[in-house]
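Peer 1: One file: protein22.txt (compact mmCIF, C-alpha atoms).
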```
# COMPACT_ATOMS: atom_id res chain seq x y z
CA MET A 1 27.74 -63.29 40.65
CA SER A 2 27.16 -59.73 39.51
CA VAL A 3 25.44 -58.99 36.19
CA PRO A 4 27.03 -56.09 34.24
CA THR A 5 24.67 -53.24 33.70
CA VAL A 6 24.44 -51.27 30.47
CA PRO A 7 24.83 -47.55 31.08
CA PRO A 8 21.87 -45.46 29.97
CA PRO A 9 22.33 -43.51 26.75
CA ASP A 10 23.58 -40.03 27.12
CA ASP A 11 21.13 -37.64 25.48
CA ASP A 12 23.73 -34.92 25.40
CA ALA A 13 26.24 -37.03 23.41
CA PRO A 14 26.79 -35.76 19.86
CA LEU A 15 25.31 -37.81 17.04
CA PRO A 16 27.70 -39.34 14.50
CA VAL A 17 28.13 -37.16 11.47
CA PRO A 18 27.55 -39.07 8.20
CA THR A 19 30.38 -39.03 5.75
CA PRO A 20 29.50 -36.69 2.91
CA VAL A 21 29.15 -38.36 -0.48
CA GLU A 22 31.17 -36.64 -3.11
CA PRO A 23 29.10 -35.82 -6.21
CA ARG A 24 30.06 -37.57 -9.42
CA PRO A 25 32.29 -35.31 -11.48
CA ARG A 26 30.56 -34.05 -14.59
CA ALA A 27 32.28 -33.33 -17.87
CA SER A 28 32.27 -29.81 -19.17
CA THR A 29 30.01 -28.79 -22.03
CA ALA A 30 32.98 -28.18 -24.30
CA LEU A 31 34.27 -31.70 -23.66
CA VAL A 32 30.85 -33.21 -24.42
CA VAL A 33 30.59 -31.25 -27.68
CA LEU A 34 34.11 -32.22 -28.75
CA THR A 35 33.47 -35.87 -27.90
CA THR A 36 30.22 -35.87 -29.91
CA LEU A 37 31.94 -34.32 -32.91
CA ALA A 38 34.80 -36.82 -32.65
CA VAL A 39 32.35 -39.72 -32.57
CA LEU A 40 30.45 -38.40 -35.61
CA VAL A 41 33.65 -37.87 -37.59
CA THR A 42 34.84 -41.36 -36.65
CA LEU A 43 31.55 -42.90 -37.77
CA TRP A 44 31.80 -41.03 -41.06
CA ALA A 45 35.45 -41.87 -41.70
CA ALA A 46 35.12 -45.54 -40.73
CA GLN A 47 31.82 -46.18 -42.50
CA GLY A 48 33.40 -49.04 -44.42
CA VAL A 49 33.66 -50.90 -41.09
CA PHE A 50 30.53 -49.70 -39.30
CA LEU A 51 28.01 -50.06 -42.13
CA PRO A 52 28.47 -53.83 -42.72
CA VAL A 53 28.20 -54.43 -38.95
CA LEU A 54 25.05 -52.31 -38.59
CA LEU A 55 23.41 -53.84 -41.65
CA ALA A 56 24.21 -57.33 -40.36
CA MET A 57 22.71 -56.48 -36.96
CA PHE A 58 19.62 -55.08 -38.71
CA PHE A 59 19.11 -58.25 -40.76
CA ALA A 60 19.79 -60.42 -37.71
CA LEU A 61 17.11 -58.55 -35.77
CA VAL A 62 14.66 -59.18 -38.61
CA GLY A 63 15.46 -62.91 -38.54
CA ASN A 64 15.51 -63.42 -34.76
CA PRO A 65 11.70 -63.77 -34.37
CA VAL A 66 11.73 -66.35 -37.16
CA LEU A 67 14.58 -68.22 -35.44
CA ARG A 68 12.64 -68.28 -32.18
CA GLY A 69 9.66 -69.76 -34.03
CA LEU A 70 11.90 -72.42 -35.63
CA ARG A 71 13.36 -73.27 -32.23
CA ARG A 72 9.88 -74.19 -31.01
CA LEU A 73 9.83 -76.72 -33.86
CA TRP A 74 13.05 -78.29 -32.48
CA ILE A 75 15.19 -76.87 -35.28
CA PRO A 76 18.71 -75.97 -34.06
CA ARG A 77 19.71 -72.33 -34.20
CA PHE A 78 22.57 -73.03 -36.61
CA LEU A 79 20.31 -74.80 -39.09
CA GLY A 80 17.54 -72.23 -38.63
CA ALA A 81 19.95 -69.35 -39.33
CA LEU A 82 21.19 -71.15 -42.42
CA LEU A 83 17.62 -71.66 -43.67
CA VAL A 84 16.55 -68.06 -42.98
CA LEU A 85 19.66 -66.56 -44.55
CA SER A 86 19.45 -68.84 -47.59
CA ALA A 87 15.78 -67.99 -48.11
CA GLY A 88 16.57 -64.27 -47.85
CA LEU A 89 19.44 -64.51 -50.34
CA VAL A 90 17.33 -66.51 -52.81
CA ALA A 91 14.46 -64.01 -52.56
CA ALA A 92 16.81 -61.02 -52.92
CA GLY A 93 18.59 -62.64 -55.87
CA ALA A 94 15.35 -63.49 -57.66
CA LEU A 95 14.04 -59.97 -57.10
CA GLY A 96 17.34 -58.48 -58.29
CA VAL A 97 17.24 -60.52 -61.49
CA GLN A 98 13.69 -59.31 -62.16
CA LEU A 99 14.55 -55.67 -61.44
CA TYR A 100 17.90 -55.38 -63.21
CA GLY A 101 16.40 -55.19 -66.70
CA PRO A 102 13.73 -52.51 -66.10
CA ALA A 103 16.04 -50.52 -63.80
CA SER A 104 18.80 -50.29 -66.41
CA GLU A 105 16.22 -49.48 -69.08
CA TRP A 106 14.74 -46.64 -67.01
CA VAL A 107 18.21 -45.25 -66.28
CA GLN A 108 19.10 -45.26 -69.98
CA GLN A 109 15.79 -43.87 -71.25
CA ALA A 110 15.16 -41.28 -68.54
CA PRO A 111 17.47 -38.55 -69.99
CA LYS A 112 15.99 -38.99 -73.46
CA GLN A 113 12.44 -38.91 -72.15
CA LEU A 114 13.18 -35.83 -70.09
CA ARG A 115 14.48 -34.02 -73.17
CA THR A 116 11.23 -34.77 -74.99
CA LEU A 117 9.26 -33.78 -71.92
CA ALA A 118 11.08 -30.45 -71.50
CA PRO A 119 9.19 -28.57 -74.28
CA ARG A 120 5.85 -29.50 -72.72
CA LEU A 121 6.92 -28.32 -69.29
CA GLN A 122 8.58 -25.20 -70.65
CA SER A 123 5.22 -23.60 -71.42
CA MET A 124 4.30 -23.97 -67.73
CA THR A 125 7.47 -22.17 -66.59
CA GLN A 126 7.56 -19.56 -69.38
CA PRO A 127 6.75 -16.54 -67.12
CA VAL A 128 9.50 -17.47 -64.68
CA HIS A 129 11.95 -17.96 -67.54
CA GLN A 130 11.13 -14.56 -69.02
CA ALA A 131 11.60 -12.92 -65.63
CA ASN A 132 15.01 -14.53 -65.26
CA GLN A 133 16.06 -13.36 -68.72
CA ALA A 134 14.95 -9.82 -67.93
CA ALA A 135 16.93 -9.86 -64.68
CA GLU A 136 20.04 -11.14 -66.47
CA SER A 137 19.74 -8.46 -69.19
CA PHE A 138 19.38 -5.74 -66.54
CA ALA A 139 22.42 -7.06 -64.65
CA ARG A 140 24.56 -7.12 -67.82
CA ALA A 141 23.45 -3.60 -68.74
CA THR A 142 24.48 -2.17 -65.36
CA GLU A 143 27.88 -3.85 -65.37
CA ASN A 144 30.88 -1.78 -66.42
CA ARG A 145 33.41 -4.61 -66.25
CA PRO A 146 34.85 -5.86 -69.53
CA GLN A 147 33.58 -9.20 -70.63
CA ARG A 148 35.97 -12.03 -69.97
CA ARG A 149 36.84 -14.58 -72.55
CA VAL A 150 35.22 -17.92 -71.83
CA GLN A 151 37.57 -20.89 -71.78
CA LEU A 152 36.25 -24.35 -72.50
CA VAL A 153 37.67 -27.14 -70.36
CA GLU A 154 37.24 -30.68 -71.52
CA ILE A 155 36.72 -33.21 -68.74
CA GLN A 156 37.38 -36.85 -69.41
CA ASP A 157 34.95 -39.22 -67.77
CA ASN A 158 36.48 -42.31 -66.20
CA ALA A 159 33.20 -43.84 -65.07
CA SER A 160 34.07 -47.25 -66.50
CA TRP A 161 37.35 -47.38 -64.61
CA ARG A 162 35.69 -46.26 -61.38
CA THR A 163 33.03 -48.94 -61.77
CA LEU A 164 35.66 -51.60 -62.41
CA VAL A 165 37.61 -50.56 -59.30
CA ALA A 166 34.51 -50.26 -57.07
CA THR A 167 32.99 -53.64 -58.01
CA PRO A 168 35.37 -55.86 -55.95
CA LYS A 169 34.96 -53.56 -52.97
CA MET A 170 31.18 -53.74 -53.23
CA LEU A 171 31.25 -57.54 -53.51
CA ALA A 172 33.51 -57.75 -50.47
CA SER A 173 31.10 -55.55 -48.49
CA VAL A 174 28.11 -57.71 -49.50
CA LEU A 175 29.98 -60.88 -48.51
CA ALA A 176 30.93 -59.31 -45.18
CA VAL A 177 27.28 -58.38 -44.49
CA VAL A 178 26.13 -61.95 -45.29
CA LEU A 179 28.76 -63.59 -43.06
CA LEU A 180 28.23 -61.15 -40.19
CA THR A 181 24.47 -61.66 -40.37
CA PHE A 182 24.92 -65.42 -40.10
CA PHE A 183 27.33 -65.09 -37.16
CA PHE A 184 25.05 -62.62 -35.35
CA MET A 185 22.14 -65.03 -35.76
CA VAL A 186 24.09 -68.05 -34.51
CA TYR A 187 26.48 -66.63 -31.93
CA GLY A 188 24.74 -63.42 -30.88
CA GLU A 189 23.22 -64.93 -27.73
CA ASN A 190 26.54 -66.45 -26.65
CA LEU A 191 28.25 -63.10 -27.13
CA GLN A 192 25.64 -61.42 -24.95
CA ARG A 193 25.96 -64.13 -22.30
CA ASN A 194 29.75 -63.86 -22.16
CA ALA A 195 29.61 -60.08 -21.99
CA ILE A 196 27.10 -60.18 -19.13
CA ALA A 197 29.27 -62.70 -17.26
CA LEU A 198 31.89 -59.96 -16.87
CA LEU A 199 29.64 -58.09 -14.43
CA PRO A 200 30.74 -58.62 -10.79
CA ASP A 201 27.33 -58.85 -9.08
CA ARG A 202 24.90 -61.75 -9.64
CA GLN A 203 21.83 -59.57 -9.11
CA ARG A 204 23.18 -57.04 -11.56
CA ARG A 205 23.83 -59.79 -14.09
CA LYS A 206 20.26 -61.09 -13.74
CA LEU A 207 18.81 -57.60 -14.13
CA THR A 208 20.99 -56.93 -17.18
CA VAL A 209 19.94 -60.25 -18.76
CA ASP A 210 16.25 -59.40 -18.31
CA ILE A 211 16.73 -55.90 -19.74
CA MET A 212 18.75 -57.08 -22.75
CA HIS A 213 16.35 -59.92 -23.56
CA SER A 214 13.32 -57.66 -23.39
CA ILE A 215 15.03 -54.97 -25.48
CA GLU A 216 16.21 -57.49 -28.06
CA ARG A 217 12.74 -59.01 -28.29
CA GLU A 218 11.00 -55.65 -28.68
CA ILE A 219 13.52 -54.35 -31.21
CA SER A 220 13.30 -57.56 -33.25
CA ARG A 221 9.52 -57.36 -33.23
CA TYR A 222 9.60 -53.70 -34.25
CA VAL A 223 12.10 -54.20 -37.10
CA LEU A 224 10.21 -57.24 -38.40
CA THR A 225 6.86 -55.45 -38.13
CA ILE A 226 8.00 -52.29 -39.92
CA SER A 227 9.66 -54.43 -42.61
CA ILE A 228 6.40 -56.34 -43.18
CA ILE A 229 4.39 -53.09 -43.32
CA ASN A 230 6.76 -51.53 -45.87
CA THR A 231 6.79 -54.74 -47.93
CA LEU A 232 2.99 -54.82 -48.00
CA LEU A 233 2.91 -51.14 -48.98
CA GLY A 234 5.29 -51.78 -51.87
CA ALA A 235 3.38 -54.90 -52.95
CA THR A 236 0.08 -52.98 -52.87
CA PHE A 237 1.49 -50.17 -54.98
CA ALA A 238 2.98 -52.69 -57.43
CA GLY A 239 -0.41 -54.41 -57.67
CA VAL A 240 -2.12 -51.11 -58.43
CA LEU A 241 0.42 -50.32 -61.16
CA LEU A 242 -0.07 -53.80 -62.59
CA TRP A 243 -3.84 -53.24 -62.64
CA MET A 244 -3.26 -49.91 -64.42
CA GLY A 245 -1.49 -51.69 -67.28
CA PHE A 246 2.17 -51.49 -66.31
CA ALA A 247 4.46 -54.41 -67.09
CA LEU A 248 5.15 -56.84 -64.25
CA GLN A 249 8.84 -55.98 -64.01
CA ASP A 250 8.15 -52.23 -63.99
CA ALA A 251 5.51 -52.66 -61.30
CA LEU A 252 7.95 -54.71 -59.18
CA LEU A 253 10.64 -52.07 -59.65
CA TRP A 254 8.52 -49.20 -58.43
CA GLY A 255 6.95 -51.28 -55.65
CA THR A 256 10.40 -52.24 -54.34
CA LEU A 257 11.51 -48.62 -54.49
CA VAL A 258 8.43 -47.54 -52.53
CA ALA A 259 9.09 -50.19 -49.86
CA LEU A 260 12.72 -49.12 -49.44
CA LEU A 261 11.97 -45.40 -49.35
CA ASN A 262 9.35 -45.91 -46.65
CA PHE A 263 12.10 -46.85 -44.17
CA ALA A 264 13.10 -43.15 -44.17
CA PRO A 265 10.10 -41.13 -42.91
CA TYR A 266 9.38 -37.71 -44.45
CA VAL A 267 12.46 -37.75 -46.69
CA GLY A 268 11.70 -41.11 -48.34
CA PRO A 269 8.03 -40.38 -49.16
CA LEU A 270 8.97 -36.94 -50.51
CA ILE A 271 11.55 -38.48 -52.84
CA GLY A 272 9.05 -41.19 -53.77
CA LEU A 273 6.37 -38.62 -54.63
CA LEU A 274 8.75 -36.75 -56.93
CA LEU A 275 9.82 -40.00 -58.60
CA MET A 276 6.19 -41.03 -59.12
CA LEU A 277 5.44 -37.67 -60.73
CA LEU A 278 8.40 -38.12 -63.05
CA MET A 279 7.43 -41.71 -63.79
CA GLY A 280 3.86 -40.64 -64.55
CA PHE A 281 4.92 -37.89 -66.97
CA ILE A 282 7.23 -40.31 -68.81
CA SER A 283 4.89 -43.33 -68.84
CA TYR A 284 1.79 -41.40 -69.92
CA ASP A 285 3.55 -39.24 -72.47
CA GLY A 286 1.22 -40.34 -75.26
CA ALA A 287 -1.93 -39.74 -73.20
CA TRP A 288 -1.36 -36.00 -72.82
CA PRO A 289 -3.70 -34.87 -75.59
CA THR A 290 -6.64 -36.96 -74.33
CA ALA A 291 -6.12 -37.00 -70.55
CA ALA A 292 -3.97 -34.23 -69.07
CA TRP A 293 -4.44 -35.57 -65.55
CA ALA A 294 -3.21 -39.10 -66.37
CA PRO A 295 0.47 -38.44 -65.41
CA LEU A 296 -0.65 -37.47 -61.90
CA VAL A 297 -2.42 -40.79 -61.21
CA PRO A 298 0.63 -42.80 -59.94
CA ALA A 299 1.70 -39.98 -57.61
CA ALA A 300 -1.87 -39.57 -56.30
CA ILE A 301 -2.21 -43.30 -55.62
CA TYR A 302 1.18 -43.35 -53.90
CA LEU A 303 0.23 -40.38 -51.73
CA LEU A 304 -3.07 -42.03 -50.78
CA LEU A 305 -1.43 -45.35 -49.84
CA HIS A 306 1.30 -43.61 -47.85
CA THR A 307 -1.27 -41.52 -45.96
CA ILE A 308 -3.27 -44.62 -45.01
CA GLU A 309 -0.10 -46.44 -43.90
CA GLY A 310 1.41 -43.51 -41.99
CA GLN A 311 -1.75 -42.23 -40.28
CA PHE A 312 -3.64 -45.46 -39.56
CA VAL A 313 -1.79 -48.75 -40.12
CA THR A 314 1.57 -48.07 -38.46
CA PRO A 315 0.19 -46.20 -35.38
CA ILE A 316 -2.40 -48.95 -34.77
CA VAL A 317 0.09 -51.82 -35.17
CA LEU A 318 3.04 -50.31 -33.27
CA GLY A 319 1.24 -47.98 -30.86
CA ARG A 320 2.60 -44.91 -29.10
CA ARG A 321 5.47 -46.83 -27.50
CA MET A 322 7.46 -46.76 -30.72
CA ALA A 323 6.50 -43.16 -31.62
CA LEU A 324 9.35 -40.71 -32.19
CA SER A 325 9.52 -36.94 -32.12
CA PRO A 326 9.22 -35.63 -35.71
CA LEU A 327 11.85 -32.93 -35.11
CA LEU A 328 14.44 -35.34 -33.68
CA LEU A 329 13.56 -37.83 -36.40
CA VAL A 330 14.31 -35.30 -39.14
CA LEU A 331 17.55 -34.32 -37.38
CA ALA A 332 18.55 -38.00 -37.16
CA LEU A 333 17.79 -38.45 -40.87
CA LEU A 334 19.98 -35.46 -41.69
CA VAL A 335 22.88 -36.68 -39.54
CA PHE A 336 22.80 -40.32 -40.65
CA GLY A 337 22.16 -39.32 -44.26
CA TRP A 338 25.22 -37.04 -44.13
CA MET A 339 27.38 -39.77 -42.63
CA TRP A 340 26.27 -42.85 -44.57
CA GLY A 341 24.13 -41.71 -47.51
CA ILE A 342 21.16 -43.85 -48.55
CA ILE A 343 22.02 -46.61 -46.08
CA GLY A 344 22.10 -44.05 -43.27
CA LEU A 345 18.59 -42.90 -44.19
CA LEU A 346 17.36 -46.49 -44.06
CA LEU A 347 19.02 -47.22 -40.69
CA ALA A 348 18.22 -43.91 -38.94
CA VAL A 349 14.77 -44.88 -37.64
CA PRO A 350 15.68 -48.41 -36.37
CA LEU A 351 18.75 -47.01 -34.61
CA LEU A 352 16.71 -44.23 -32.99
CA VAL A 353 14.08 -46.72 -31.84
CA CYS A 354 16.83 -48.92 -30.37
CA VAL A 355 18.20 -45.95 -28.41
CA LYS A 356 14.72 -45.08 -27.12
CA LEU A 357 14.01 -48.63 -25.94
CA VAL A 358 17.36 -48.83 -24.16
CA LEU A 359 16.75 -45.50 -22.42
CA GLN A 360 13.28 -46.63 -21.32
CA ARG A 361 14.72 -49.72 -19.63
CA VAL A 362 17.76 -48.18 -17.94
CA GLU A 363 17.02 -46.53 -14.60
CA GLY A 364 17.64 -42.81 -14.53
CA PHE A 365 17.33 -42.27 -18.30
CA GLU A 366 13.53 -42.27 -18.61
CA GLY A 367 13.53 -38.51 -19.20
CA TRP A 368 15.78 -38.89 -22.22
CA ALA A 369 13.44 -41.55 -23.57
CA ARG A 370 10.49 -39.14 -23.21
CA LEU A 371 12.54 -36.51 -25.03
CA LEU A 372 12.78 -38.78 -28.08
CA GLY A 373 8.98 -38.99 -28.41
```
What does the file become when written as structure tokens?
Peer 2:
Amino acid sequence: MSVPTVPPPDDDAPLPVPTPVEPRPRASTALVVLTTLAVLVTLWAAQGVFLPVLLAMFFALVGNPVLRGLRRLWIPRFLGALLVLSAGLVAAGALGVQLYGPASEWVQQAPKQLRTLAPRLQSMTQPVHQANQAAESFARATENRPQRRVQLVEIQDNASWRTLVATPKMLASVLAVVLLTFFFMVYGENLQRNAIALLPDRQRRKLTVDIMHSIEREISRYVLTISIINTLLGATFAGVLLWMGFALQDALLWGTLVALLNFAPYVGPLIGLLLMLLMGFISYDGAWPTAAWAPLVPAAIYLLLHTIEGQFVTPIVLGRRMALSPLLLVLALLVFGWMWGIIGLLLAVPLLVCVKLVLQRVEGFEGWARLLG
């Protein structure tokens, strides 16, 4: 019986040529720019749909760490979400009842107080005012055009009608945010699980589950932590105002405003500093003859507390992992503020942090994450 022999390899035989891999087609720069502009315009035009969803996701992220703690106590997720949401609504309602009176009073009295404050501030700006008058007189003297007759146009204010029309829409938006928050808390994990099940590969599904769970946990921890820091900052400022002799409701009003403005870095503290200066000039109007520096005290205390929080507390608690580039942060505040107003300013930083955490976890996008900060 003969055994077949394997012929020796031929060294002169040509090696197989690998099939070239076609590079992934890349979109043109013009197409990317047009797509970005289309997305921004869509987000601006459909803000009535996007804002309730984003606010509900934000509140759900704040409540998720609490829900995980309640689950360790054998409390079902449905009941835990109901308890957390009910507690949040009760706290927000109680705070709103306390703040409605002083807020409406400040809004009504602010124009009157500013008119009485104007003569005192006019002496400080007298040189600038005289220079403007001189420039206007010189401009009128050099003009040869005949003076036009001024026509007075009376504008009727329909603020009451606009408020009546906008109230049902606002209530519907608040109800939508509450319901969406509850559904995100209860059914958010099932939605993630069903979406991941659509992936074809088991290993890819497992990797995606790990990435999404870690991202969701880190984002929830960040949102909850920054909310606690801002709440403590507002409570501290309210306590200082209360110690200075302010009424409890006024102190709560300004403390709540400080906490909300701190969600928008740079822009929020700048607005808060101007408001504290205005509040100081109005509140200490009678103390001007005896203490000229008294109106500056609330703004100085606010600036001191914000400096301690921004330079020491937040970097120590959150670390460099959550740090963002100041330039990109200001650009994000401008874009989101243009699209969604005050709510956009409050959501700009959490959304940017979410994008950074996602880019850090997805392979191939680490450079974009480093670009954000």
Peer 1: Need the neighbours of (15.9, -41.5, -22.1): which residues are at most 12 Å away, counting all atoms listed in the file, as JSON, numbers by chain?
Peer 2: {"A": [352, 353, 354, 355, 356, 357, 358, 359, 360, 361, 362, 363, 364, 365, 366, 367, 368, 369, 370, 371, 372, 373]}
Peer 1: Using only C-alpha atoms, pick whichever of A:Gly93, A:Pro168, A:Pro315, A:Gly188 has the shortest atom-to-atom distance to Arg77 in chain A.
Peer 2: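 Once distances to Arg77 in chain A are computed over only C-alpha atoms, the minimum belongs to A:Gly188.
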Peer 1: With distances taken over all atoms listed in the file, which residue among A:Gly239, A:Gly234, A:Gly245, A:Gly80 lies nearest Val258 in chain A?
Peer 2: A:Gly234
Peer 1: Taking into account all atoms listed in the file, which residue in the set A:Leu327, A:Ile211, A:Leu275, A:Met185 is nearest to Phe78 in chain A?
Peer 2: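 Using all atoms listed in the file, the shortest distance to Phe78 in chain A belongs to A:Met185.
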Peer 1: Which residues are close to Val84 in chain A, i.e. within 9 Å by only C-alpha atoms, leaving aside same-chain residues fewer than 5 positions away? Reply as a ChimeraX atom specification.
Peer 2: /A:63,66-67,79,89
Peer 1: Give me the residues within 12 Å of Thr314 in chain A as a list in words, counting all atoms listed in the file and dropping any in the same chain fewer than 3 places off.
Peer 2: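 Counting all atoms listed in the file, the residues come to Tyr222, Thr225, Ile226, Ser227, Ile228, Ile229, Asn230, Leu232, Leu233, Asn262, Pro265, His306, Thr307, Ile308, Glu309, Gly310, Gln311, Val317, Leu318, Gly319, Arg320, Arg321, Met322 and Ala323 of chain A.
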Peer 1: I need the residue nearest Leu61 in chain A from this list: A:Gly268, A:Gly96, A:Pro326, A:Pro350. Use all atoms listed in the file for the distance.
Peer 2: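 Using all atoms listed in the file, Leu61 in chain A sits closest to A:Pro350.
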Peer 1: Please give the centre and size of the box around range 169-177 of chain A (axis-aligned, containing every atom listed in the file, 8 Å added per side), with values in Å to one decimal and written as AutoDock Vina command-line options.
Peer 2:
```
--center_x 31.1 --center_y -57.2 --center_z -49.0 --size_x 23.7 --size_y 23.3 --size_z 25.0
```
Peer 1: Hey, which of A:Leu277, A:Ala197, A:Val62, A:Ala235 ends up closest to Arg221 in chain A? Count only C-alpha atoms.
Peer 2: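 Comparing A:Leu277, A:Ala197, A:Val62, A:Ala235 against Arg221 in chain A, the winner is A:Val62.
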Peer 1: Which residues are near Ser104 in chain A? Cut-off 12 Å, all atoms listed in the file, ignore same chain within fewer than 6 positions. Put them as a list in words.
Peer 2: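 Near neighbours after the sequence-gap exclusion: Gly96, Val97, Gln98, Ala110, Gln249, Asp250 and Leu253 of chain A.
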Peer 1: Just write the chosen residues, C-alpha atoms, as a JSON list (two decimals), in the frame of the given file.
Peer 2:
```
[["chain", "number", "residue", "atom", "x", "y", "z"],
["A", 96, "GLY", "CA", 17.34, -58.48, -58.29],
["A", 97, "VAL", "CA", 17.24, -60.52, -61.49],
["A", 98, "GLN", "CA", 13.69, -59.31, -62.16],
["A", 110, "ALA", "CA", 15.16, -41.28, -68.54],
["A", 249, "GLN", "CA", 8.84, -55.98, -64.01],
["A", 250, "ASP", "CA", 8.15, -52.23, -63.99],
["A", 253, "LEU", "CA", 10.64, -52.07, -59.65]]
```
Peer 1: Which residue out of A:Ile301, A:Leu329, A:Leu51, A:Ala30 has the minimum interatomic distance to Val174 in chain A when all atoms listed in the file are used?
Peer 2: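 Closest to Val174 in chain A of all the choices is A:Leu51.
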Peer 1: Please, what distance in Å, to one decimal, runs between CA of Met170 in chain A and CA of Ala264 in chain A?
Peer 2: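 Straight-line distance from CA of Met170 in chain A to CA of Ala264 in chain A works out to 22.8 Å.
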Peer 1: May I ask for the distance between CA of Ala176 in chain A and CA of Ser86 in chain A, given in Å to one decimal place?
Peer 2: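 Going from CA of Ala176 in chain A over to CA of Ser86 in chain A, I get 15.1 Å.
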